[in-house]
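Q: Take this structure, written in structure tokens, and hold onto it; I'll ask about it next.
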Amino acid sequence: MKGILIFLTLISCSQKPEPIKFGKDTCDYCKMLITDPKFGAEIVLKTGKLYKFDDIGCMVSFIFERNIKDDEVKNFLVVDYKTGKLIDATRSFYILNDNVRSPMAYNIVAFENPDDADKFFNENGGKIMNWAEVIDYTRRHSGR
């Protein structure tokens with residue numbers, strides 16, 4: 001019996017990122033349905049708890065509201081605007097562009113590949129950002 005409890009504990013603590021089910025999952029911050037496959041984000045805590053978001057801004061606002069520390073997090077993930085796959089938020093390339101219209105109007109797009117970000121920027125303009133700048137912008141944008 002003790003072995004089963006240890007096994008179940010290990011399984012619950014080894015949570016991995018999971019794909020966002022667009023049209024089915026709801027945002028853990030704003031509670032809206034996650035519907036746009038060009039946007040979304042996810043946090044995986046070291047405890048195994050997983051949170052999903054419809055907008056990068058919702059994820060960052062959630063971090064501030066819940067006072068989540070970096071050392072508690074296994075993964076910060078965002079949806080790549082071009083490919084739709086979940087990518088490492090801390091290593092992504094971001095463009096703030098008010099013509100994009102993300103679900104909660106933070107209007108930030110993420111790219112894994114810097115060439116994709118450059119192409120988007122050259123075609124659409126905006127402001128190039130890194131992860132720290134996204135956090136700072138979101139904090140100011142949301143008034144937190």
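Letters for chains follow the order of the structure tokens (A, B, ...), residue numbers begin at 1 for each chain, and ligand numbers begin at 1 in the order shown.
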Set the distance at 8 Å and use only C-alpha atoms: which residues neighbour segment 119-124 of chain A once local chain neighbours fewer than 4 positions away are removed? I'd like the list as a ChimeraX atom specification.

A: /A:95,97,115,128

Q: For the selection you just gave me, I'd like the residues written to a file as a PDB file, in the first residue's frame, keeping C-alpha atoms.

A:
ATOM      1  CA  ILE A  95       5.991  41.772 -30.326  1.00  0.00           C
ATOM      2  CA  ASN A  97       1.188  45.368 -31.559  1.00  0.00           C
ATOM      3  CA  ASP A 115      13.312  35.090 -37.772  1.00  0.00           C
ATOM      4  CA  ILE A 128       9.957  44.111 -29.752  1.00  0.00           C
TER       5      ILE A 128
END

Q: With a distance cut-off of 6 Å and only C-alpha atoms, select the neighbouring residues of segment 63-79 of chain A, excluding the residue or stretch itself and same-chain residues fewer than 4 positions from it, and output the selection as a list of chain:residue names.

A: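 So the residues in contact are A:Phe39, A:Gly40, A:Ala41, A:Glu42, A:Ile43, A:Val44, A:Leu45, A:Lys46, A:Gly84, A:Lys85, A:Leu86, A:Ile87, A:Asp88, A:Ala89.
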
Q: With all heavy atoms retained, export the selected residues as a tab-separated table (two decimals), in the first residue's frame.

A:
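New file out25.tsv:
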chain	number	residue	atom	x	y	z
A	39	PHE	N	-3.15	32.44	-29.57
A	39	PHE	CA	-2.88	32.99	-28.25
A	39	PHE	C	-3.14	31.93	-27.20
A	39	PHE	O	-3.94	31.03	-27.38
A	39	PHE	CB	-3.78	34.20	-27.96
A	39	PHE	CG	-3.57	35.32	-28.93
A	39	PHE	CD1	-4.41	35.46	-30.03
A	39	PHE	CD2	-2.54	36.22	-28.75
A	39	PHE	CE1	-4.23	36.49	-30.92
A	39	PHE	CE2	-2.36	37.26	-29.66
A	39	PHE	CZ	-3.20	37.39	-30.74
A	40	GLY	N	-2.48	32.09	-26.08
A	40	GLY	CA	-2.67	31.19	-24.96
A	40	GLY	C	-1.38	31.06	-24.20
A	40	GLY	O	-0.30	31.43	-24.69
A	41	ALA	N	-1.49	30.56	-22.99
A	41	ALA	CA	-0.32	30.40	-22.14
A	41	ALA	C	-0.62	29.34	-21.09
A	41	ALA	O	-1.78	28.96	-20.89
A	41	ALA	CB	0.04	31.73	-21.49
A	42	GLU	N	0.44	28.90	-20.44
A	42	GLU	CA	0.31	27.83	-19.46
A	42	GLU	C	1.42	27.95	-18.42
A	42	GLU	O	2.55	28.30	-18.76
A	42	GLU	CB	0.40	26.50	-20.20
A	42	GLU	CG	-0.04	25.30	-19.46
A	42	GLU	CD	-0.19	24.09	-20.41
A	42	GLU	OE1	-1.13	24.06	-21.22
A	42	GLU	OE2	0.67	23.20	-20.31
A	43	ILE	N	1.08	27.66	-17.19
A	43	ILE	CA	2.07	27.56	-16.11
A	43	ILE	C	2.02	26.15	-15.57
A	43	ILE	O	0.93	25.64	-15.29
A	43	ILE	CB	1.78	28.53	-14.96
A	43	ILE	CG1	1.82	29.98	-15.40
A	43	ILE	CG2	2.77	28.30	-13.80
A	43	ILE	CD1	1.36	30.96	-14.33
A	44	VAL	N	3.18	25.53	-15.42
A	44	VAL	CA	3.28	24.24	-14.75
A	44	VAL	C	4.13	24.47	-13.51
A	44	VAL	O	5.30	24.85	-13.60
A	44	VAL	CB	3.94	23.16	-15.64
A	44	VAL	CG1	3.99	21.83	-14.91
A	44	VAL	CG2	3.21	23.02	-16.97
A	45	LEU	N	3.51	24.28	-12.34
A	45	LEU	CA	4.25	24.44	-11.09
A	45	LEU	C	5.04	23.17	-10.77
A	45	LEU	O	4.71	22.08	-11.25
A	45	LEU	CB	3.28	24.74	-9.94
A	45	LEU	CG	2.49	26.04	-10.02
A	45	LEU	CD1	1.58	26.19	-8.82
A	45	LEU	CD2	3.41	27.24	-10.16
A	46	LYS	N	6.05	23.30	-9.94
A	46	LYS	CA	6.86	22.15	-9.54
A	46	LYS	C	6.04	21.14	-8.75
A	46	LYS	O	6.37	19.97	-8.71
A	46	LYS	CB	8.08	22.61	-8.74
A	46	LYS	CG	9.10	23.33	-9.62
A	46	LYS	CD	10.28	23.81	-8.81
A	46	LYS	CE	11.27	24.51	-9.73
A	46	LYS	NZ	12.37	25.14	-8.98
A	84	GLY	N	1.47	27.78	-33.40
A	84	GLY	CA	0.41	27.33	-32.49
A	84	GLY	C	0.87	26.38	-31.41
A	84	GLY	O	0.07	25.93	-30.60
A	85	LYS	N	2.17	26.08	-31.34
A	85	LYS	CA	2.64	25.15	-30.32
A	85	LYS	C	3.06	25.91	-29.06
A	85	LYS	O	3.38	27.10	-29.11
A	85	LYS	CB	3.77	24.27	-30.85
A	85	LYS	CG	5.09	24.96	-31.01
A	85	LYS	CD	6.16	23.96	-31.48
A	85	LYS	CE	7.52	24.62	-31.45
A	85	LYS	NZ	8.61	23.73	-31.69
A	86	LEU	N	3.04	25.19	-27.93
A	86	LEU	CA	3.48	25.79	-26.67
A	86	LEU	C	5.00	25.84	-26.64
A	86	LEU	O	5.68	24.85	-26.95
A	86	LEU	CB	2.97	24.97	-25.49
A	86	LEU	CG	1.50	25.14	-25.16
A	86	LEU	CD1	1.06	24.12	-24.12
A	86	LEU	CD2	1.21	26.55	-24.65
A	87	ILE	N	5.54	27.00	-26.27
A	87	ILE	CA	6.98	27.22	-26.25
A	87	ILE	C	7.39	27.85	-24.92
A	87	ILE	O	6.54	28.40	-24.20
A	87	ILE	CB	7.42	28.13	-27.43
A	87	ILE	CG1	6.67	29.47	-27.41
A	87	ILE	CG2	7.20	27.41	-28.77
A	87	ILE	CD1	7.11	30.47	-28.47
A	88	ASP	N	8.66	27.80	-24.60
A	88	ASP	CA	9.19	28.36	-23.37
A	88	ASP	C	9.04	29.88	-23.38
A	88	ASP	O	9.63	30.58	-24.21
A	88	ASP	CB	10.67	27.97	-23.25
A	88	ASP	CG	11.33	28.45	-21.97
A	88	ASP	OD1	10.81	29.36	-21.29
A	88	ASP	OD2	12.40	27.90	-21.64
A	89	ALA	N	8.25	30.40	-22.45
A	89	ALA	CA	7.98	31.84	-22.41
A	89	ALA	C	9.23	32.65	-22.10
A	89	ALA	O	9.38	33.77	-22.60
A	89	ALA	CB	6.90	32.14	-21.37

Q: Report as a VMD selection string: the residues of segment 61-134 of chain A with a DSSP assignment of strand (DSSP E or B), based on the backbone of this structure.

A: chain A and resid 73 to 80 86 to 88 93 to 96 108 to 111 127 to 129

Q: At a cut-off of 10 Å, using only C-alpha atoms, what residues contact Asp116 of chain A? Leave out same-chain residues fewer than 4 positions from it and give the result as an mmCIF file with N, CA, C and O atoms, in the first residue's frame.

A:
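Saved result, around18.cif, follows:
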data_model
loop_
_atom_site.group_PDB
_atom_site.id
_atom_site.type_symbol
_atom_site.label_atom_id
_atom_site.label_comp_id
_atom_site.auth_asym_id
_atom_site.auth_seq_id
_atom_site.Cartn_x
_atom_site.Cartn_y
_atom_site.Cartn_z
ATOM 1 N N ASP A 80 3.094 29.876 -29.624
ATOM 2 C CA ASP A 80 3.808 30.499 -30.731
ATOM 3 C C ASP A 80 2.767 30.994 -31.738
ATOM 4 O O ASP A 80 1.935 30.220 -32.224
ATOM 5 N N TYR A 81 2.807 32.288 -32.055
ATOM 6 C CA TYR A 81 1.816 32.913 -32.929
ATOM 7 C C TYR A 81 1.796 32.276 -34.315
ATOM 8 O O TYR A 81 0.737 32.161 -34.933
ATOM 9 N N LYS A 82 2.951 31.826 -34.790
ATOM 10 C CA LYS A 82 3.029 31.241 -36.133
ATOM 11 C C LYS A 82 2.644 29.769 -36.149
ATOM 12 O O LYS A 82 1.857 29.332 -36.984
ATOM 13 N N THR A 83 3.187 28.986 -35.215
ATOM 14 C CA THR A 83 3.010 27.528 -35.267
ATOM 15 C C THR A 83 1.868 27.009 -34.398
ATOM 16 O O THR A 83 1.394 25.902 -34.611
ATOM 17 N N PHE A 93 10.434 35.303 -28.226
ATOM 18 C CA PHE A 93 10.567 36.643 -28.777
ATOM 19 C C PHE A 93 9.160 37.215 -28.896
ATOM 20 O O PHE A 93 8.272 36.553 -29.437
ATOM 21 N N ALA A 110 3.860 35.971 -29.430
ATOM 22 C CA ALA A 110 5.107 35.298 -29.069
ATOM 23 C C ALA A 110 5.599 34.440 -30.230
ATOM 24 O O ALA A 110 4.798 33.875 -30.978
ATOM 25 N N PHE A 111 6.906 34.350 -30.336
ATOM 26 C CA PHE A 111 7.525 33.517 -31.358
ATOM 27 C C PHE A 111 8.704 32.764 -30.751
ATOM 28 O O PHE A 111 9.463 33.328 -29.970
ATOM 29 N N GLU A 112 8.862 31.522 -31.150
ATOM 30 C CA GLU A 112 10.021 30.745 -30.739
ATOM 31 C C GLU A 112 11.231 31.105 -31.595
ATOM 32 O O GLU A 112 12.357 31.210 -31.107
ATOM 33 N N PHE A 120 7.416 39.186 -38.702
ATOM 34 C CA PHE A 120 6.170 39.784 -38.225
ATOM 35 C C PHE A 120 6.372 41.273 -37.958
ATOM 36 O O PHE A 120 5.559 42.104 -38.362
ATOM 37 N N PHE A 121 7.465 41.609 -37.283
ATOM 38 C CA PHE A 121 7.756 43.007 -36.964
ATOM 39 C C PHE A 121 7.926 43.848 -38.227
ATOM 40 O O PHE A 121 7.385 44.950 -38.318
ATOM 41 N N ASN A 122 8.670 43.330 -39.189
ATOM 42 C CA ASN A 122 8.906 44.068 -40.439
ATOM 43 C C ASN A 122 7.622 44.300 -41.227
ATOM 44 O O ASN A 122 7.470 45.320 -41.894
#

Q: For Phe53 of chain A, find every residue with an atom within 9 Å (counting only C-alpha atoms), except residues of its own chain fewer than 3 positions away, and show them as a VMD selection string.

A: chain A and resid 20 25 to 32 34 39 to 43 56 to 59

Q: Residues near Glu133 of chain A, anyone? I mean within 12 Å using only C-alpha atoms, not counting same-chain ones fewer than 3 positions away, as a list in words.

A: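 Using only C-alpha atoms, the neighbours found are Gly57, Val60, Ala89, Thr90, Ser92, Phe93, Tyr94, Ile95, Leu96, Ile108, Lys127, Ile128, Met129, Asn130, Asp136, Tyr137, Thr138, Arg139, Arg140 and His141 of chain A.
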
Q: What is the atom CA of Gly126 of chain A to atom CA of Asn99 of chain A distance in Å?

A: 8.7 Å

Q: Work out how far apart atom CA of Ser142 of chain A and atom CA of Ala105 of chain A are and give it in Å to one decimal.

A: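 Computing it gives 10.4 Å between the two atoms.
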
Q: Enumerate, as number ranges by chain, the complete set of residues in chain A that a backbone-based DSSP assignment places in helix (DSSP H, G or I).

A: A: 2-12, 56-66, 70-72, 89-91, 114-124, 131-142
